[in-house]
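In what follows, a single structure is set out as structure tokens and then discussed.
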Amino acid sequence: MTLAPETTDLKVQVGLDEAWLTVCDLSALLPGRGVAALLPDGRQVAVFRDRNGELYAIDNRDPFSGAGVLSRGLTGTHQGRPFVASPLLKQRFDLASGECLDDGDVRIATYEVRLG
């Protein structure tokens with residue numbers, strides 16, 4: 001017997017200009033973990049669900065290494081700010097603002113995210 005993966009009617013969508021792109025089912029986002037999705041222009045977005053159920057979407061490209069790995073980073077909070085730490089060089093990026101918590105001159109793109 002084969003079991004079908006669990007799905008929900010709730011879809012995670014990211015805002016691109018004035019359109020919304022569906023990237024995955026909500027059930028694909030485990031709290032504290034990220035998923036990566038390919039955008040129509042070839043860039044990648046990393047989508048996260050924190051342990052409180054909040055959703056975040058950021059650029060998946062680590063600006064320090066150039067690798068598309070932020071979706072595989074560890075999440076946490078620092079002084080009440082949710083962040084993801086790059087799995088390569090460990091810099092932390094604020095999930096809400098995109099600011100690098102370890103280098104104030106560096107910022108990554110953030111995206112609006114919603115359930116549709």
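Just so we're on the same page: first chain in the structure tokens is A, next is B, and so on; residues restart at 1 for each chain, and ligands are numbered from 1 in the order they show up.
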Within 12 Å of region 34-46 of chain A, which residues of region 50-84 of chain A come that close, and what is the closest atom pair and distance in Å for each? Count only C-alpha atoms and give it as CSV.
```
residue,atom,partner,partner_atom,distance
A:Asp50,CA,A:Gly34,CA,9.1
A:Arg51,CA,A:Gly34,CA,11.8
A:Leu55,CA,A:Gly34,CA,10.0
A:Tyr56,CA,A:Ala46,CA,8.2
A:Ala57,CA,A:Ala46,CA,5.6
A:Ile58,CA,A:Ala46,CA,5.3
A:Asp59,CA,A:Val45,CA,4.7
A:Asn60,CA,A:Ala46,CA,4.8
A:Arg61,CA,A:Gln44,CA,7.2
A:Asp62,CA,A:Ala46,CA,10.7
A:Ala67,CA,A:Gln44,CA,10.6
A:Gly68,CA,A:Gln44,CA,7.3
A:Val69,CA,A:Ala36,CA,8.5
A:Leu70,CA,A:Ala46,CA,6.6
A:Ser71,CA,A:Gly34,CA,4.6
A:Arg72,CA,A:Gly34,CA,6.1
A:Gly73,CA,A:Gly34,CA,7.5
A:Leu74,CA,A:Gly34,CA,8.6
A:Thr75,CA,A:Gly34,CA,8.6
A:Phe83,CA,A:Gly34,CA,11.6
A:Val84,CA,A:Gly34,CA,9.2
```
Tell me which protein, DNA and RNA residues are within 12 Å of Ala96 (chain A), counting only C-alpha atoms, leaving out same-chain ones fewer than 2 positions away, and put them as an mmCIF file with all heavy atoms, in the first residue's frame.
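Listing of out07.cif after writing:
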```
data_model
loop_
_atom_site.group_PDB
_atom_site.id
_atom_site.type_symbol
_atom_site.label_atom_id
_atom_site.label_comp_id
_atom_site.auth_asym_id
_atom_site.auth_seq_id
_atom_site.Cartn_x
_atom_site.Cartn_y
_atom_site.Cartn_z
ATOM 1 N N VAL A 47 11.526 29.963 2.316
ATOM 2 C CA VAL A 47 10.305 30.213 3.081
ATOM 3 C C VAL A 47 10.404 29.456 4.405
ATOM 4 O O VAL A 47 10.784 28.280 4.431
ATOM 5 C CB VAL A 47 9.057 29.766 2.296
ATOM 6 C CG1 VAL A 47 7.791 30.085 3.069
ATOM 7 C CG2 VAL A 47 9.025 30.430 0.924
ATOM 8 N N PHE A 48 10.060 30.148 5.485
ATOM 9 C CA PHE A 48 10.165 29.586 6.830
ATOM 10 C C PHE A 48 8.854 29.736 7.579
ATOM 11 O O PHE A 48 8.116 30.694 7.370
ATOM 12 C CB PHE A 48 11.255 30.308 7.640
ATOM 13 C CG PHE A 48 12.623 30.153 7.073
ATOM 14 C CD1 PHE A 48 13.101 31.058 6.139
ATOM 15 C CD2 PHE A 48 13.429 29.107 7.471
ATOM 16 C CE1 PHE A 48 14.374 30.919 5.619
ATOM 17 C CE2 PHE A 48 14.702 28.959 6.949
ATOM 18 C CZ PHE A 48 15.173 29.867 6.022
ATOM 19 N N ARG A 49 8.635 28.806 8.490
ATOM 20 C CA ARG A 49 7.523 28.862 9.445
ATOM 21 C C ARG A 49 8.163 28.719 10.814
ATOM 22 O O ARG A 49 8.831 27.722 11.085
ATOM 23 C CB ARG A 49 6.562 27.723 9.177
ATOM 24 C CG ARG A 49 5.374 27.650 10.087
ATOM 25 C CD ARG A 49 4.532 26.457 9.664
ATOM 26 N NE ARG A 49 3.381 26.272 10.495
ATOM 27 C CZ ARG A 49 2.598 25.206 10.430
ATOM 28 N NH1 ARG A 49 2.862 24.232 9.557
ATOM 29 N NH2 ARG A 49 1.559 25.099 11.213
ATOM 30 N N ASP A 50 7.984 29.736 11.664
ATOM 31 C CA ASP A 50 8.612 29.634 12.978
ATOM 32 C C ASP A 50 7.742 28.816 13.928
ATOM 33 O O ASP A 50 6.642 28.371 13.563
ATOM 34 C CB ASP A 50 8.997 31.009 13.544
ATOM 35 C CG ASP A 50 7.812 31.869 13.978
ATOM 36 O OD1 ASP A 50 6.671 31.363 14.077
ATOM 37 O OD2 ASP A 50 8.039 33.065 14.243
ATOM 38 N N GLU A 54 4.355 31.862 12.500
ATOM 39 C CA GLU A 54 4.578 32.997 11.593
ATOM 40 C C GLU A 54 5.333 32.530 10.349
ATOM 41 O O GLU A 54 6.198 31.667 10.432
ATOM 42 C CB GLU A 54 5.379 34.096 12.285
ATOM 43 C CG GLU A 54 4.666 34.758 13.427
ATOM 44 C CD GLU A 54 3.467 35.566 12.992
ATOM 45 O OE1 GLU A 54 3.527 36.228 11.926
ATOM 46 O OE2 GLU A 54 2.459 35.534 13.709
ATOM 47 N N LEU A 55 5.006 33.126 9.216
ATOM 48 C CA LEU A 55 5.650 32.791 7.945
ATOM 49 C C LEU A 55 6.576 33.915 7.506
ATOM 50 O O LEU A 55 6.248 35.098 7.667
ATOM 51 C CB LEU A 55 4.600 32.548 6.868
ATOM 52 C CG LEU A 55 3.616 31.410 7.123
ATOM 53 C CD1 LEU A 55 2.540 31.393 6.050
ATOM 54 C CD2 LEU A 55 4.341 30.077 7.184
ATOM 55 N N TYR A 56 7.720 33.533 6.928
ATOM 56 C CA TYR A 56 8.702 34.485 6.428
ATOM 57 C C TYR A 56 9.220 33.994 5.087
ATOM 58 O O TYR A 56 9.312 32.784 4.857
ATOM 59 C CB TYR A 56 9.895 34.604 7.392
ATOM 60 C CG TYR A 56 9.505 35.023 8.784
ATOM 61 C CD1 TYR A 56 9.259 34.074 9.767
ATOM 62 C CD2 TYR A 56 9.376 36.362 9.112
ATOM 63 C CE1 TYR A 56 8.896 34.451 11.045
ATOM 64 C CE2 TYR A 56 9.011 36.753 10.392
ATOM 65 C CZ TYR A 56 8.780 35.791 11.358
ATOM 66 O OH TYR A 56 8.418 36.179 12.622
ATOM 67 N N ALA A 57 9.591 34.931 4.224
ATOM 68 C CA ALA A 57 10.194 34.585 2.933
ATOM 69 C C ALA A 57 11.348 35.550 2.673
ATOM 70 O O ALA A 57 11.180 36.769 2.769
ATOM 71 C CB ALA A 57 9.167 34.665 1.814
ATOM 72 N N ILE A 58 12.511 34.971 2.369
ATOM 73 C CA ILE A 58 13.726 35.745 2.114
ATOM 74 C C ILE A 58 14.424 35.190 0.887
ATOM 75 O O ILE A 58 14.119 34.090 0.423
ATOM 76 C CB ILE A 58 14.692 35.710 3.320
ATOM 77 C CG1 ILE A 58 15.124 34.267 3.607
ATOM 78 C CG2 ILE A 58 14.071 36.370 4.546
ATOM 79 C CD1 ILE A 58 16.229 34.137 4.640
ATOM 80 N N ASP A 59 15.388 35.944 0.387
ATOM 81 C CA ASP A 59 16.236 35.447 -0.694
ATOM 82 C C ASP A 59 16.996 34.226 -0.182
ATOM 83 O O ASP A 59 17.468 34.220 0.950
ATOM 84 C CB ASP A 59 17.218 36.550 -1.100
ATOM 85 C CG ASP A 59 17.995 36.262 -2.357
ATOM 86 O OD1 ASP A 59 17.784 35.198 -2.975
ATOM 87 O OD2 ASP A 59 18.820 37.107 -2.733
ATOM 88 N N THR A 77 16.009 32.992 17.576
ATOM 89 C CA THR A 77 15.692 34.391 17.856
ATOM 90 C C THR A 77 16.866 35.008 18.601
ATOM 91 O O THR A 77 17.569 34.335 19.358
ATOM 92 C CB THR A 77 14.414 34.561 18.711
ATOM 93 O OG1 THR A 77 14.572 33.845 19.933
ATOM 94 C CG2 THR A 77 13.187 34.080 17.979
ATOM 95 N N GLY A 80 14.584 38.960 20.548
ATOM 96 C CA GLY A 80 13.218 38.999 20.037
ATOM 97 C C GLY A 80 13.098 39.029 18.530
ATOM 98 O O GLY A 80 11.993 39.094 18.007
ATOM 99 N N ARG A 81 14.208 38.996 17.816
ATOM 100 C CA ARG A 81 14.189 39.043 16.347
ATOM 101 C C ARG A 81 14.392 37.635 15.783
ATOM 102 O O ARG A 81 15.390 36.987 16.075
ATOM 103 C CB ARG A 81 15.291 39.959 15.834
ATOM 104 C CG ARG A 81 15.115 41.403 16.265
ATOM 105 C CD ARG A 81 16.314 42.249 15.948
ATOM 106 N NE ARG A 81 16.400 42.498 14.508
ATOM 107 C CZ ARG A 81 17.356 43.237 13.961
ATOM 108 N NH1 ARG A 81 18.306 43.755 14.721
ATOM 109 N NH2 ARG A 81 17.367 43.430 12.661
ATOM 110 N N PRO A 82 13.452 37.161 14.953
ATOM 111 C CA PRO A 82 13.626 35.843 14.341
ATOM 112 C C PRO A 82 14.728 35.897 13.284
ATOM 113 O O PRO A 82 14.825 36.855 12.529
ATOM 114 C CB PRO A 82 12.265 35.566 13.704
ATOM 115 C CG PRO A 82 11.719 36.920 13.396
ATOM 116 C CD PRO A 82 12.225 37.823 14.495
ATOM 117 N N PHE A 83 15.577 34.866 13.245
ATOM 118 C CA PHE A 83 16.659 34.857 12.272
ATOM 119 C C PHE A 83 16.890 33.457 11.735
ATOM 120 O O PHE A 83 16.425 32.466 12.296
ATOM 121 C CB PHE A 83 17.958 35.395 12.889
ATOM 122 C CG PHE A 83 18.604 34.470 13.895
ATOM 123 C CD1 PHE A 83 19.425 33.419 13.487
ATOM 124 C CD2 PHE A 83 18.394 34.649 15.250
ATOM 125 C CE1 PHE A 83 20.022 32.568 14.413
ATOM 126 C CE2 PHE A 83 18.982 33.799 16.179
ATOM 127 C CZ PHE A 83 19.794 32.760 15.755
ATOM 128 N N VAL A 84 17.629 33.400 10.621
ATOM 129 C CA VAL A 84 18.172 32.151 10.108
ATOM 130 C C VAL A 84 19.679 32.341 10.024
ATOM 131 O O VAL A 84 20.158 33.397 9.606
ATOM 132 C CB VAL A 84 17.568 31.750 8.738
ATOM 133 C CG1 VAL A 84 17.877 32.778 7.660
ATOM 134 C CG2 VAL A 84 18.048 30.368 8.320
ATOM 135 N N PHE A 93 20.622 36.176 9.609
ATOM 136 C CA PHE A 93 19.812 37.131 8.863
ATOM 137 C C PHE A 93 18.434 37.224 9.494
ATOM 138 O O PHE A 93 17.762 36.204 9.699
ATOM 139 C CB PHE A 93 19.685 36.708 7.392
ATOM 140 C CG PHE A 93 21.012 36.682 6.691
ATOM 141 C CD1 PHE A 93 21.762 35.514 6.636
ATOM 142 C CD2 PHE A 93 21.527 37.837 6.119
ATOM 143 C CE1 PHE A 93 22.994 35.492 6.015
ATOM 144 C CE2 PHE A 93 22.766 37.817 5.491
ATOM 145 C CZ PHE A 93 23.503 36.645 5.445
ATOM 146 N N ASP A 94 18.016 38.461 9.784
ATOM 147 C CA ASP A 94 16.693 38.715 10.343
ATOM 148 C C ASP A 94 15.655 38.290 9.314
ATOM 149 O O ASP A 94 15.680 38.747 8.171
ATOM 150 C CB ASP A 94 16.566 40.200 10.667
ATOM 151 C CG ASP A 94 15.273 40.552 11.377
ATOM 152 O OD1 ASP A 94 14.195 40.219 10.857
ATOM 153 O OD2 ASP A 94 15.359 41.184 12.437
ATOM 154 N N GLY A 98 15.538 41.147 6.703
ATOM 155 C CA GLY A 98 16.630 40.763 5.822
ATOM 156 C C GLY A 98 17.990 41.268 6.267
ATOM 157 O O GLY A 98 19.002 40.956 5.659
ATOM 158 N N GLU A 99 18.035 42.037 7.357
ATOM 159 C CA GLU A 99 19.296 42.591 7.840
ATOM 160 C C GLU A 99 20.195 41.487 8.384
ATOM 161 O O GLU A 99 19.738 40.584 9.088
ATOM 162 C CB GLU A 99 19.020 43.607 8.944
ATOM 163 C CG GLU A 99 20.266 44.208 9.548
ATOM 164 C CD GLU A 99 19.960 45.122 10.724
ATOM 165 O OE1 GLU A 99 18.786 45.359 11.033
ATOM 166 O OE2 GLU A 99 20.930 45.591 11.335
ATOM 167 N N CYS A 100 21.476 41.579 8.075
ATOM 168 C CA CYS A 100 22.450 40.655 8.646
ATOM 169 C C CYS A 100 22.738 41.124 10.065
ATOM 170 O O CYS A 100 23.156 42.262 10.284
ATOM 171 C CB CYS A 100 23.730 40.613 7.821
ATOM 172 S SG CYS A 100 24.975 39.493 8.512
ATOM 173 N N LEU A 101 22.509 40.255 11.045
ATOM 174 C CA LEU A 101 22.712 40.628 12.447
ATOM 175 C C LEU A 101 24.188 40.683 12.813
ATOM 176 O O LEU A 101 24.539 41.209 13.869
ATOM 177 C CB LEU A 101 21.983 39.640 13.365
ATOM 178 C CG LEU A 101 20.472 39.533 13.153
ATOM 179 C CD1 LEU A 101 19.872 38.501 14.090
ATOM 180 C CD2 LEU A 101 19.796 40.877 13.319
ATOM 181 N N ARG A 107 22.400 43.150 3.680
ATOM 182 C CA ARG A 107 20.957 42.896 3.779
ATOM 183 C C ARG A 107 20.566 42.002 2.613
ATOM 184 O O ARG A 107 21.104 42.125 1.520
ATOM 185 C CB ARG A 107 20.198 44.223 3.720
ATOM 186 C CG ARG A 107 18.709 44.112 3.844
ATOM 187 C CD ARG A 107 18.053 45.493 3.872
ATOM 188 N NE ARG A 107 18.489 46.289 5.001
ATOM 189 C CZ ARG A 107 17.893 46.276 6.194
ATOM 190 N NH1 ARG A 107 16.860 45.518 6.411
ATOM 191 N NH2 ARG A 107 18.340 47.049 7.165
ATOM 192 N N ILE A 108 19.594 41.108 2.845
ATOM 193 C CA ILE A 108 19.050 40.272 1.780
ATOM 194 C C ILE A 108 17.601 40.663 1.528
ATOM 195 O O ILE A 108 16.972 41.293 2.376
ATOM 196 C CB ILE A 108 19.159 38.768 2.110
ATOM 197 C CG1 ILE A 108 18.439 38.450 3.419
ATOM 198 C CG2 ILE A 108 20.614 38.324 2.158
ATOM 199 C CD1 ILE A 108 18.375 36.972 3.748
ATOM 200 N N ALA A 109 17.088 40.295 0.374
ATOM 201 C CA ALA A 109 15.712 40.634 0.020
ATOM 202 C C ALA A 109 14.729 39.833 0.883
ATOM 203 O O ALA A 109 14.991 38.691 1.231
ATOM 204 C CB ALA A 109 15.455 40.332 -1.458
ATOM 205 N N THR A 110 13.629 40.477 1.214
ATOM 206 C CA THR A 110 12.524 39.804 1.891
ATOM 207 C C THR A 110 11.296 39.908 1.003
ATOM 208 O O THR A 110 11.225 40.778 0.117
ATOM 209 C CB THR A 110 12.203 40.435 3.267
ATOM 210 O OG1 THR A 110 11.834 41.815 3.065
ATOM 211 C CG2 THR A 110 13.402 40.349 4.202
ATOM 212 N N TYR A 111 10.350 39.015 1.206
ATOM 213 C CA TYR A 111 9.133 38.972 0.402
ATOM 214 C C TYR A 111 7.929 38.914 1.336
ATOM 215 O O TYR A 111 8.006 38.331 2.415
ATOM 216 C CB TYR A 111 9.107 37.723 -0.487
ATOM 217 C CG TYR A 111 10.264 37.643 -1.455
ATOM 218 C CD1 TYR A 111 11.482 37.082 -1.081
ATOM 219 C CD2 TYR A 111 10.139 38.130 -2.750
ATOM 220 C CE1 TYR A 111 12.535 37.014 -1.958
ATOM 221 C CE2 TYR A 111 11.199 38.054 -3.644
ATOM 222 C CZ TYR A 111 12.395 37.492 -3.240
ATOM 223 O OH TYR A 111 13.437 37.423 -4.116
ATOM 224 N N GLU A 112 6.840 39.509 0.873
ATOM 225 C CA GLU A 112 5.592 39.316 1.591
ATOM 226 C C GLU A 112 5.199 37.850 1.443
ATOM 227 O O GLU A 112 5.447 37.220 0.413
ATOM 228 C CB GLU A 112 4.485 40.193 1.009
ATOM 229 C CG GLU A 112 4.631 41.666 1.290
ATOM 230 C CD GLU A 112 3.429 42.413 0.775
ATOM 231 O OE1 GLU A 112 2.356 42.333 1.410
ATOM 232 O OE2 GLU A 112 3.576 43.043 -0.288
ATOM 233 N N VAL A 113 4.557 37.320 2.466
ATOM 234 C CA VAL A 113 4.128 35.927 2.418
ATOM 235 C C VAL A 113 2.734 35.835 3.038
ATOM 236 O O VAL A 113 2.418 36.571 3.972
ATOM 237 C CB VAL A 113 5.158 35.007 3.125
ATOM 238 C CG1 VAL A 113 5.318 35.349 4.585
ATOM 239 C CG2 VAL A 113 4.826 33.552 2.951
#
```
Atomic separation - CA of Asp102 (chain A) relative to CA of Leu88 (chain A), Å | 14.1 Å
One decimal place gives the CA of Gly53 (chain A)-CA of Leu16 (chain A) separation as 22.0 Å
Give me every strand (DSSP E) residue in chain A, going by DSSP on the backbone, as a PDB file with C-alpha atoms, in the first residue's frame.
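Listed below is the output, part34.pdb:
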```pdb
ATOM      1  CA  LYS A  11      -1.065  27.232   0.162  1.00  0.00           C
ATOM      2  CA  VAL A  12       1.938  29.385   1.039  1.00  0.00           C
ATOM      3  CA  GLN A  13       2.300  32.269  -1.402  1.00  0.00           C
ATOM      4  CA  VAL A  14       5.017  34.907  -1.822  1.00  0.00           C
ATOM      5  CA  GLY A  15       4.438  38.385  -3.207  1.00  0.00           C
ATOM      6  CA  LEU A  16       6.175  39.237  -6.469  1.00  0.00           C
ATOM      7  CA  ALA A  19       1.184  39.044  -8.123  1.00  0.00           C
ATOM      8  CA  TRP A  20       1.245  36.123  -5.692  1.00  0.00           C
ATOM      9  CA  LEU A  21       3.158  32.925  -6.456  1.00  0.00           C
ATOM     10  CA  THR A  22       2.158  29.684  -4.724  1.00  0.00           C
ATOM     11  CA  VAL A  23       5.318  27.938  -3.498  1.00  0.00           C
ATOM     12  CA  CYS A  24       4.100  25.009  -1.362  1.00  0.00           C
ATOM     13  CA  ASP A  25       1.436  23.570   0.905  1.00  0.00           C
ATOM     14  CA  GLY A  34      12.836  26.181   5.638  1.00  0.00           C
ATOM     15  CA  VAL A  35      12.054  25.218   2.058  1.00  0.00           C
ATOM     16  CA  ALA A  36      13.431  26.696  -1.151  1.00  0.00           C
ATOM     17  CA  ALA A  37      11.371  27.547  -4.228  1.00  0.00           C
ATOM     18  CA  LEU A  38      12.413  28.667  -7.690  1.00  0.00           C
ATOM     19  CA  GLN A  44      15.297  31.323  -5.306  1.00  0.00           C
ATOM     20  CA  VAL A  45      13.229  32.186  -2.258  1.00  0.00           C
ATOM     21  CA  ALA A  46      13.576  30.543   1.169  1.00  0.00           C
ATOM     22  CA  VAL A  47      10.305  30.213   3.081  1.00  0.00           C
ATOM     23  CA  PHE A  48      10.165  29.586   6.830  1.00  0.00           C
ATOM     24  CA  ARG A  49       7.523  28.862   9.445  1.00  0.00           C
ATOM     25  CA  LEU A  55       5.650  32.791   7.945  1.00  0.00           C
ATOM     26  CA  TYR A  56       8.702  34.485   6.428  1.00  0.00           C
ATOM     27  CA  ALA A  57      10.194  34.585   2.933  1.00  0.00           C
ATOM     28  CA  ILE A  58      13.726  35.745   2.114  1.00  0.00           C
ATOM     29  CA  ASP A  59      16.236  35.447  -0.694  1.00  0.00           C
ATOM     30  CA  LEU A  74      19.113  26.989  11.520  1.00  0.00           C
ATOM     31  CA  THR A  75      16.426  29.321  12.841  1.00  0.00           C
ATOM     32  CA  GLY A  76      16.278  31.041  16.189  1.00  0.00           C
ATOM     33  CA  THR A  77      15.692  34.391  17.856  1.00  0.00           C
ATOM     34  CA  HIS A  78      18.097  37.075  19.046  1.00  0.00           C
ATOM     35  CA  ARG A  81      14.189  39.043  16.347  1.00  0.00           C
ATOM     36  CA  PRO A  82      13.626  35.843  14.341  1.00  0.00           C
ATOM     37  CA  PHE A  83      16.659  34.857  12.272  1.00  0.00           C
ATOM     38  CA  VAL A  84      18.172  32.151  10.108  1.00  0.00           C
ATOM     39  CA  ALA A  85      21.879  31.337  10.354  1.00  0.00           C
ATOM     40  CA  ARG A  92      22.505  35.407  10.947  1.00  0.00           C
ATOM     41  CA  PHE A  93      19.812  37.131   8.863  1.00  0.00           C
ATOM     42  CA  ASP A  94      16.693  38.715  10.343  1.00  0.00           C
ATOM     43  CA  THR A 110      12.524  39.804   1.891  1.00  0.00           C
ATOM     44  CA  TYR A 111       9.133  38.972   0.402  1.00  0.00           C
ATOM     45  CA  VAL A 113       4.128  35.927   2.418  1.00  0.00           C
ATOM     46  CA  ARG A 114       0.553  34.812   2.972  1.00  0.00           C
ATOM     47  CA  LEU A 115      -1.705  31.788   3.045  1.00  0.00           C
TER      48      LEU A 115
END
```
Pick the closest to Pro63 (chain A) from A:Glu18, A:Ser97, A:Gln91, A:Asp9: which is it, counting only C-alpha atoms?
-> A:Gln91
Pairwise distance, CA of Val106 (chain A) with CA of Asp17 (chain A), equals 22.6 Å
